[in-house]
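Data from structure-v9.tsv: TSV, C-alpha atoms
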chain	number	residue	atom	x	y	z
A	130	MET	CA	-6.94	-15.18	18.66
A	131	ASP	CA	-7.20	-15.51	14.87
A	132	TYR	CA	-8.12	-12.46	12.85
A	133	LYS	CA	-10.56	-12.15	9.97
A	134	VAL	CA	-9.49	-10.84	6.57
A	135	THR	CA	-11.92	-8.81	4.48
A	136	VAL	CA	-11.16	-7.67	0.94
A	137	ASP	CA	-12.52	-4.22	0.25
A	138	PHE	CA	-12.40	-1.87	-2.68
A	139	ALA	CA	-13.92	1.47	-3.66
A	140	PRO	CA	-12.73	4.27	-5.96
A	141	ILE	CA	-12.00	6.55	-3.02
A	142	TYR	CA	-9.33	4.14	-1.74
A	143	GLU	CA	-7.36	4.37	-5.00
A	144	CYS	CA	-7.89	8.12	-5.21
A	145	ILE	CA	-6.27	8.67	-1.82
A	146	SER	CA	-3.61	6.03	-2.47
A	147	SER	CA	-2.63	7.75	-5.73
A	148	LEU	CA	-2.48	11.13	-3.99
A	149	ASN	CA	-0.25	9.73	-1.25
A	150	ALA	CA	1.96	8.12	-3.90
A	151	PHE	CA	2.28	11.47	-5.65
A	152	ILE	CA	3.05	13.48	-2.52
A	153	GLY	CA	5.25	10.89	-0.75
A	154	LYS	CA	8.61	11.98	-2.16
A	155	GLN	CA	10.53	9.41	-0.11
A	156	ASN	CA	8.95	6.57	-2.10
A	157	HIS	CA	9.13	7.97	-5.65
A	158	ASN	CA	12.26	6.07	-6.64
A	159	ALA	CA	10.82	2.81	-5.32
A	160	MET	CA	7.57	3.04	-7.28
A	161	ASP	CA	7.08	1.46	-10.69
A	162	ALA	CA	5.53	4.70	-11.93
A	163	GLY	CA	8.71	6.53	-11.01
A	164	ILE	CA	9.74	10.15	-11.34
A	165	SER	CA	8.39	10.38	-14.90
A	166	TRP	CA	4.82	9.92	-13.63
A	167	ILE	CA	5.36	12.56	-10.96
A	168	ARG	CA	6.54	15.06	-13.57
A	169	GLU	CA	3.68	14.28	-15.93
A	170	VAL	CA	1.10	14.82	-13.20
A	171	GLN	CA	2.48	17.86	-11.41
A	172	ILE	CA	2.19	20.09	-14.49
A	173	ARG	CA	-1.59	19.69	-14.20
A	174	PHE	CA	-1.67	21.67	-10.96
A	175	ALA	CA	-0.84	25.25	-10.08
A	176	PRO	CA	2.17	25.69	-7.74
A	177	VAL	CA	-0.13	27.03	-5.01
A	178	MET	CA	-2.25	23.87	-5.06
A	179	LEU	CA	0.81	21.61	-5.14
A	180	GLN	CA	2.11	23.34	-2.03
A	181	LYS	CA	-1.24	23.02	-0.29
A	182	MET	CA	-1.37	19.31	-1.15
A	183	LYS	CA	2.03	18.81	0.46
A	184	GLU	CA	1.09	20.78	3.56
A	185	VAL	CA	-2.26	19.05	4.10
A	186	MET	CA	-0.92	15.56	3.46
A	187	LYS	CA	1.89	16.24	5.94
A	188	LEU	CA	-0.67	17.30	8.55
A	189	THR	CA	-2.65	14.10	7.96
A	190	ASP	CA	0.45	11.89	7.87
A	191	ASN	CA	-0.43	10.25	11.18
A	192	PHE	CA	-4.17	10.32	10.60
A	193	SER	CA	-5.69	7.70	8.32
A	194	LEU	CA	-8.88	8.15	6.32
A	195	SER	CA	-9.28	4.37	5.94
A	196	PRO	CA	-11.59	4.04	8.98
A	197	TYR	CA	-13.87	6.65	7.43
A	198	ILE	CA	-13.92	4.93	4.04
A	199	TRP	CA	-14.64	1.62	5.75
A	200	SER	CA	-17.45	3.22	7.77
A	201	CYS	CA	-18.98	5.00	4.77
A	202	PRO	CA	-22.10	3.36	3.22
A	203	GLU	CA	-21.01	1.29	0.23
A	204	GLU	CA	-23.16	3.22	-2.24
A	205	GLU	CA	-21.47	6.47	-1.18
A	206	ARG	CA	-17.87	5.46	-1.84
A	207	THR	CA	-17.22	7.02	-5.22
A	208	VAL	CA	-14.85	9.95	-4.78
A	209	LYS	CA	-17.47	12.70	-5.02
A	210	ARG	CA	-20.07	10.90	-2.92
A	211	PHE	CA	-17.57	9.98	-0.23
A	212	LEU	CA	-16.38	13.58	0.06
A	213	ASN	CA	-19.97	14.80	0.35
A	214	TRP	CA	-20.63	12.20	3.06
A	215	PHE	CA	-17.36	12.96	4.83
A	216	GLU	CA	-17.94	16.71	4.88
A	217	ALA	CA	-21.47	16.24	6.19
A	218	LEU	CA	-20.31	14.36	9.30
A	219	SER	CA	-20.78	16.32	12.51
A	220	PRO	CA	-17.75	16.82	14.78
A	221	GLY	CA	-19.23	14.24	17.12
A	222	GLU	CA	-19.52	11.68	14.31
A	223	LEU	CA	-15.94	12.38	13.20
A	224	TYR	CA	-14.64	11.71	16.70
A	225	GLU	CA	-16.89	8.67	17.18
A	226	ILE	CA	-15.55	6.91	14.06
A	227	ALA	CA	-11.95	7.70	14.97
A	228	GLY	CA	-12.51	6.48	18.51
A	229	ARG	CA	-14.11	3.24	17.33
A	230	PHE	CA	-10.85	2.30	15.64
A	231	GLY	CA	-8.61	3.60	18.42
A	232	GLN	CA	-7.17	6.31	16.20
A	233	THR	CA	-5.46	9.24	17.88
A	234	VAL	CA	-7.64	12.26	17.27
A	235	PRO	CA	-6.12	15.70	16.57
A	236	SER	CA	-7.75	18.62	18.33
A	237	ASN	CA	-8.49	20.36	15.02
A	238	LEU	CA	-10.14	17.33	13.42
A	239	ALA	CA	-13.03	19.22	11.82
A	240	GLU	CA	-10.67	21.78	10.29
A	241	LEU	CA	-8.34	19.04	9.11
A	242	ARG	CA	-11.29	17.25	7.52
A	243	SER	CA	-12.20	20.33	5.49
A	244	SER	CA	-8.64	20.85	4.26
A	245	ALA	CA	-8.23	17.18	3.33
A	246	ALA	CA	-11.53	17.14	1.45
A	247	GLU	CA	-10.53	20.24	-0.52
A	248	VAL	CA	-7.20	18.70	-1.56
A	249	ILE	CA	-8.74	15.32	-2.47
A	250	ARG	CA	-11.39	17.05	-4.55
A	251	ALA	CA	-8.72	19.04	-6.39
A	252	TRP	CA	-6.71	15.86	-6.99
A	253	ASP	CA	-9.77	14.10	-8.37
A	254	THR	CA	-10.59	16.99	-10.70
A	255	GLY	CA	-7.03	17.55	-11.88
A	256	TYR	CA	-5.91	13.94	-12.23
A	257	PHE	CA	-7.77	10.99	-10.79
A	258	SER	CA	-11.10	11.38	-12.61
A	259	SER	CA	-9.28	11.08	-15.95
A	260	ILE	CA	-7.24	7.90	-15.34
A	261	ASP	CA	-7.65	4.85	-17.58
A	262	PRO	CA	-10.98	3.17	-16.60
A	263	ALA	CA	-9.26	-0.20	-16.99
A	264	ILE	CA	-7.33	0.51	-13.79
A	265	MET	CA	-10.47	0.75	-11.69
A	266	GLU	CA	-12.08	-2.19	-13.47
A	267	GLY	CA	-8.99	-4.30	-12.86
A	268	LEU	CA	-8.82	-3.38	-9.18
A	269	GLN	CA	-12.48	-4.23	-8.72
A	270	GLN	CA	-11.97	-7.60	-10.41
A	271	GLU	CA	-8.89	-8.30	-8.31
A	272	ALA	CA	-10.82	-7.56	-5.11
A	273	GLY	CA	-13.57	-9.96	-6.14
A	274	ALA	CA	-11.14	-12.72	-7.10
A	275	ARG	CA	-9.15	-12.30	-3.89
A	276	ALA	CA	-12.29	-12.36	-1.73
A	277	ALA	CA	-13.35	-15.61	-3.42
A	278	LEU	CA	-10.17	-17.27	-2.09
A	279	LEU	CA	-11.23	-16.77	1.53
A	280	THR	CA	-12.68	-19.94	3.05
A	281	GLY	CA	-12.99	-18.85	6.67
A	282	THR	CA	-9.91	-20.80	7.74
A	283	ASN	CA	-7.15	-19.41	5.50
A	284	ASP	CA	-7.18	-15.69	6.31
A	285	MET	CA	-3.49	-15.51	7.24
A	286	GLU	CA	-2.47	-17.34	4.05
A	287	VAL	CA	-4.62	-15.10	1.82
A	288	TYR	CA	-3.09	-12.02	3.44
A	289	GLU	CA	0.44	-13.28	2.87
A	290	ALA	CA	-0.25	-14.19	-0.77
A	291	ALA	CA	-1.91	-10.83	-1.54
A	292	THR	CA	0.99	-8.89	-0.03
A	293	ALA	CA	3.65	-11.16	-1.60
A	294	GLY	CA	5.22	-12.14	1.69
A	295	MET	CA	3.87	-10.14	4.60
A	296	ARG	CA	3.07	-12.60	7.37
A	297	LEU	CA	0.84	-10.94	9.96
A	298	TYR	CA	0.62	-12.99	13.13
A	299	PRO	CA	-2.49	-13.08	15.35
A	300	SER	CA	-2.50	-11.14	18.59
A	301	GLU	CA	-4.74	-10.86	21.61
A	302	THR	CA	-6.33	-7.66	20.32
A	303	LEU	CA	-6.29	-7.90	16.50
A	304	LYS	CA	-9.74	-8.80	15.17
A	305	GLN	CA	-10.04	-7.67	11.56
A	306	VAL	CA	-7.69	-7.00	8.66
A	307	ILE	CA	-9.02	-5.07	5.66
A	308	ILE	CA	-6.97	-5.48	2.49
A	309	THR	CA	-7.39	-3.27	-0.56
A	310	PRO	CA	-5.74	-3.65	-3.98
A	311	GLN	CA	-3.93	-0.55	-5.23
A	312	TYR	CA	-2.28	0.34	-8.52
A	313	HIS	CA	-0.54	3.72	-8.40
A	314	ALA	CA	1.91	2.96	-5.57
A	315	ARG	CA	3.07	-0.37	-7.02
A	316	PRO	CA	5.03	-2.31	-5.85
A	317	LEU	CA	4.70	-0.83	-2.36
A	318	VAL	CA	2.53	-2.40	0.32
A	319	THR	CA	1.35	-0.01	3.01
A	320	SER	CA	-0.43	-0.70	6.28
A	321	THR	CA	-2.13	1.33	8.97
A	322	LEU	CA	-2.21	-0.54	12.28
A	323	PHE	CA	-4.67	-0.10	15.11
A	324	ASP	CA	-5.19	-2.37	18.12
A	325	GLU	CA	-8.16	-4.27	16.68
A	326	PHE	CA	-7.92	-3.36	12.99
A	327	VAL	CA	-5.27	-3.32	10.27
A	328	PHE	CA	-5.78	-1.65	6.88
A	329	THR	CA	-3.39	-2.86	4.18
A	330	SER	CA	-3.11	-1.67	0.58
A	331	TYR	CA	-1.38	-4.27	-1.57
A	332	SER	CA	0.20	-3.93	-4.99
A	333	CYS	CA	-1.73	-5.09	-8.05
A	334	ASP	CA	-0.59	-5.08	-11.70
A	335	VAL	CA	-3.96	-4.62	-13.37
A	336	LEU	CA	-2.76	-3.41	-16.77
A	337	PRO	CA	-1.00	-5.82	-19.16
A	338	PRO	CA	2.55	-4.98	-20.26
A	339	GLU	CA	3.17	-3.53	-23.69
A	340	ASP	CA	3.42	-6.11	-26.47
A	341	GLY	CA	6.69	-7.99	-26.17
A	342	ARG	CA	7.62	-6.47	-22.80
A	343	PRO	CA	8.08	-8.57	-19.63
A	344	ALA	CA	5.44	-8.56	-16.92
A	345	PRO	CA	6.18	-6.15	-14.04
A	346	ALA	CA	6.42	-9.01	-11.53
A	347	LEU	CA	9.10	-10.75	-13.60
A	348	LEU	CA	11.02	-7.48	-13.96
A	349	ARG	CA	10.97	-6.87	-10.20
A	350	LEU	CA	12.23	-10.38	-9.54
A	351	THR	CA	15.10	-10.30	-12.02
A	352	ARG	CA	16.13	-6.80	-10.95
A	353	ALA	CA	16.13	-7.82	-7.30
A	354	LEU	CA	18.38	-10.78	-8.05
A	355	SER	CA	20.82	-8.74	-10.16
A	356	ASP	CA	22.44	-6.96	-7.20
A	357	GLU	CA	25.31	-8.43	-5.16
A	358	THR	CA	24.17	-6.93	-1.85
A	359	ARG	CA	20.61	-8.17	-2.26
A	360	LEU	CA	21.86	-11.68	-3.04
A	361	TYR	CA	23.98	-11.55	0.10
A	362	ILE	CA	20.98	-10.46	2.16
A	363	LEU	CA	18.97	-13.40	0.78
A	364	ARG	CA	21.80	-15.74	1.75
A	365	LEU	CA	21.75	-14.33	5.28
A	366	LEU	CA	17.98	-14.88	5.47
A	367	THR	CA	18.09	-18.48	4.28
A	368	GLY	CA	16.89	-20.73	7.08
A	369	ARG	CA	16.60	-18.00	9.70
A	370	GLN	CA	14.87	-14.76	10.64
A	371	LEU	CA	16.74	-11.50	11.17
A	372	ASN	CA	15.42	-8.11	12.19
A	373	PHE	CA	16.45	-4.89	10.45
A	374	THR	CA	19.21	-4.04	12.92
A	375	GLU	CA	20.71	-7.51	12.60
A	376	ILE	CA	20.72	-7.27	8.78
A	377	VAL	CA	22.43	-3.86	8.93
A	378	LYS	CA	25.10	-5.27	11.27
A	379	GLU	CA	25.70	-8.38	9.13
A	380	VAL	CA	25.92	-6.52	5.82
A	381	GLY	CA	27.88	-3.55	7.12
A	382	LEU	CA	26.09	-0.86	5.12
A	383	SER	CA	24.04	2.16	6.20
A	384	LYS	CA	20.46	1.81	7.38
A	385	SER	CA	19.16	3.81	4.41
A	386	THR	CA	20.96	1.52	1.95
A	387	ILE	CA	19.65	-1.64	3.61
A	388	HIS	CA	16.16	-0.13	3.66
A	389	TYR	CA	16.40	0.48	-0.09
A	390	HIS	CA	17.50	-3.12	-0.74
A	391	LEU	CA	14.76	-4.57	1.47
A	392	ILE	CA	12.14	-2.58	-0.45
A	393	ALA	CA	13.39	-4.16	-3.69
A	394	LEU	CA	13.40	-7.66	-2.16
A	395	ARG	CA	9.93	-7.19	-0.70
A	396	ALA	CA	8.59	-5.87	-4.00
A	397	ALA	CA	9.88	-9.00	-5.72
A	398	GLY	CA	8.26	-11.22	-3.10
A	399	LEU	CA	11.65	-12.65	-2.12
A	400	VAL	CA	11.35	-12.13	1.62
A	401	ILE	CA	8.77	-12.95	4.23
A	402	VAL	CA	8.11	-10.01	6.52
A	403	HIS	CA	7.20	-11.51	9.89
A	404	THR	CA	5.04	-8.94	11.68
A	405	THR	CA	3.84	-9.16	15.27
A	406	SER	CA	2.49	-6.51	17.58
A	407	LYS	CA	6.00	-5.97	18.97
A	408	ASN	CA	8.54	-6.47	16.20
A	409	THR	CA	9.32	-7.20	12.55
A	410	SER	CA	11.82	-9.66	11.12
A	411	TYR	CA	12.69	-11.08	7.70
A	412	SER	CA	13.38	-14.48	6.15
A	413	LEU	CA	13.79	-15.91	2.65
A	414	ARG	CA	10.58	-16.59	0.71
A	415	LEU	CA	11.39	-19.53	-1.54
A	416	GLU	CA	8.03	-19.45	-3.32
A	417	ALA	CA	9.16	-16.47	-5.38
A	418	LEU	CA	11.98	-18.50	-6.88
A	419	ASN	CA	9.87	-21.51	-7.78
A	420	GLY	CA	9.51	-21.82	-11.52
A	421	LEU	CA	11.72	-18.80	-12.27
A	422	PRO	CA	13.60	-20.51	-15.16
A	423	GLY	CA	10.26	-21.54	-16.66
A	424	ARG	CA	8.86	-18.02	-16.39
A	425	ILE	CA	11.89	-16.55	-18.09
A	426	GLY	CA	11.71	-19.23	-20.76
A	427	GLU	CA	8.04	-18.53	-21.41
A	428	TYR	CA	8.77	-14.84	-21.85
A	429	LEU	CA	11.72	-15.39	-24.18
A	430	GLU	CA	9.75	-17.81	-26.32
A	431	GLY	CA	6.81	-15.43	-26.50

As structure tokens, the full file:
Amino acid sequence: MDYKVTVDFAPIYECISSLNAFIGKQNHNAMDAGISWIREVQIRFAPVMLQKMKEVMKLTDNFSLSPYIWSCPEEERTVKRFLNWFEALSPGELYEIAGRFGQTVPSNLAELRSSAAEVIRAWDTGYFSSIDPAIMEGLQQEAGARAALLTGTNDMEVYEAATAGMRLYPSETLKQVIITPQYHARPLVTSTLFDEFVFTSYSCDVLPPEDGRPAPALLRLTRALSDETRLYILRLLTGRQLNFTEIVKEVGLSKSTIHYHLIALRAAGLVIVHTTSKNTSYSLRLEALNGLPGRIGEYLEG
């Protein structure tokens, strides 16, 4: 059964995405924003609040707010309005929305909701409400442009292009895939999978580079190709699909090292991530290499 792709965007998505990017220490080195952004932001918050953010986000690590954002009336999806709507839901409504998406429901859902809302509100006040408006404008424009590409018959292709190589195969249960552009966690692509729904946040470079500097996408590509191990992985993936375990065995390095290299290759759009309901494998994505000499030439010539 084919699935349907819907492009969605609202400020609350990016607010939560930016908070997760800030708290998710394991991904800091992989993000374009890097450690410098983390340091710049954390001085805005008292140590007590930083600790509470970490604790609450850890508690909600296996519980996604995306079904609630998707279920929220469109006119209520600014950060403040969403939180007011979210906090006003009765326990029964909280459980009903979670159940509709097949999400595992914690026994203390109402309490968890209150803690999450408090942390998100603090994040919005201390950081998110003061970000460059061009970020939100760019994300909104990207969502509109991406939605315009959908014809009703090319959902899988639009998903793969938006995510720079994630190929999500149909399944008997999957019905709808909601994709959302995000800026703060670039170049990471994150997904929350349920039986009938998938929520995916894909990377989007909405701000232009500084004058004379290369575009982020070109930087990711050249950096990915500058490492011997990554080139070897690409050679292994040419003309065939390998899963993570097979790549680790072929390369002969630790799982954590291979994971790091695959993140860089995925960020550059150099691999196709073949995802089914049962497994994930990788192959070379030649599209990323097409026109590379021309792109470098264009940059050098200004």

By how many Å are CA of Ser300 (chain A) and CA of Lys407 (chain A) apart? 10.0 Å

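The shortest atom-to-atom distance to Pro299 (chain A), with all atoms listed in the file taken into account, belongs to A:Val134 out of A:Ile362, A:Ala246, A:Val380, A:Val134.
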
Within 7 Å of Cys333 (chain A) using only C-alpha atoms, minus same-chain residues under 5 positions, as a PDB file with C-alpha atoms, in the frame of the given file:
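Output file around_23.pdb is given in full below:
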ATOM      1  CA  PRO A 310      -5.740  -3.650  -3.980  1.00  0.00           C
ATOM      2  CA  GLN A 311      -3.930  -0.550  -5.230  1.00  0.00           C
ATOM      3  CA  TYR A 312      -2.280   0.340  -8.520  1.00  0.00           C
ATOM      4  CA  ARG A 315       3.070  -0.370  -7.020  1.00  0.00           C
TER       5      ARG A 315
END

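Considering the residues A:Ala397, A:His313, A:Ile308, A:Glu427 and counting all atoms listed in the file, Leu350 (chain A) has its shortest atom-to-atom contact with A:Ala397.
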
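Between CA of Leu415 (chain A) and CA of Val400 (chain A) there is a distance of 8.0 Å.
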
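We find CA of Ile172 (chain A) and CA of Gly267 (chain A) to be spaced 26.9 Å apart.
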
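Across A:Ile260, A:Val136, A:Val377, A:Ile249, the tightest approach to Tyr331 (chain A) is made by A:Val136 when counting only C-alpha atoms.
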
Which residues of region 240-331 of chain A come within 12 Å of region 199-205 of chain A, and for each one, what is the closest pair of atoms and their distance in Å to one decimal, counting all atoms listed in the file, sorted by chain and residue number, as JSON lines?
{"residue": "A:Gln305", "atom": "CA", "partner": "A:Trp199", "partner_atom": "CA", "distance": 11.9}
{"residue": "A:Val306", "atom": "CA", "partner": "A:Trp199", "partner_atom": "CA", "distance": 11.4}
{"residue": "A:Ile307", "atom": "CA", "partner": "A:Trp199", "partner_atom": "CA", "distance": 8.7}
{"residue": "A:Ile308", "atom": "CA", "partner": "A:Trp199", "partner_atom": "CA", "distance": 10.9}
{"residue": "A:Thr309", "atom": "CA", "partner": "A:Trp199", "partner_atom": "CA", "distance": 10.8}
{"residue": "A:Phe326", "atom": "CA", "partner": "A:Trp199", "partner_atom": "CA", "distance": 11.1}
{"residue": "A:Val327", "atom": "CA", "partner": "A:Trp199", "partner_atom": "CA", "distance": 11.5}
{"residue": "A:Phe328", "atom": "CA", "partner": "A:Trp199", "partner_atom": "CA", "distance": 9.5}

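Distance annotation: of A:Ile152, A:Leu223, A:Leu366, A:Leu354, the residue with the minimal separation from Gln171 (chain A) is A:Ile152; atom set is all atoms listed in the file.
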
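For the set A:Thr254, A:Ala272, A:Thr358, A:Thr302, the residue with the smallest atom-to-atom gap to Asp324 (chain A) is A:Thr302, counting only C-alpha atoms.
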
Expected residue set, 7 Å radius at (17.0, -15.6, 1.2), only C-alpha atoms, as a ChimeraX atom specification: /A:362-367,399-400,412-414

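Compared by their closest atoms to Arg173 (chain A), and using all atoms listed in the file, the residues A:Asn419, A:Thr135, A:Ser259, A:Gln269 rank with A:Ser259 nearest.
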
Could you tell me, as a PyMOL selection string, which residues have any atom at most 10 Å from (4.5, 7.3, -3.7), counting all atoms listed in the file? chain A and resi 146-164+167+313-317

Using all atoms listed in the file, determine which residues lie at most 12 Å from Glu240 (chain A), disregarding the query and same-chain residues fewer than 2 positions distant; provide the list as a ChimeraX atom specification. /A:185,188-189,216,219-220,223,235-238,242-247
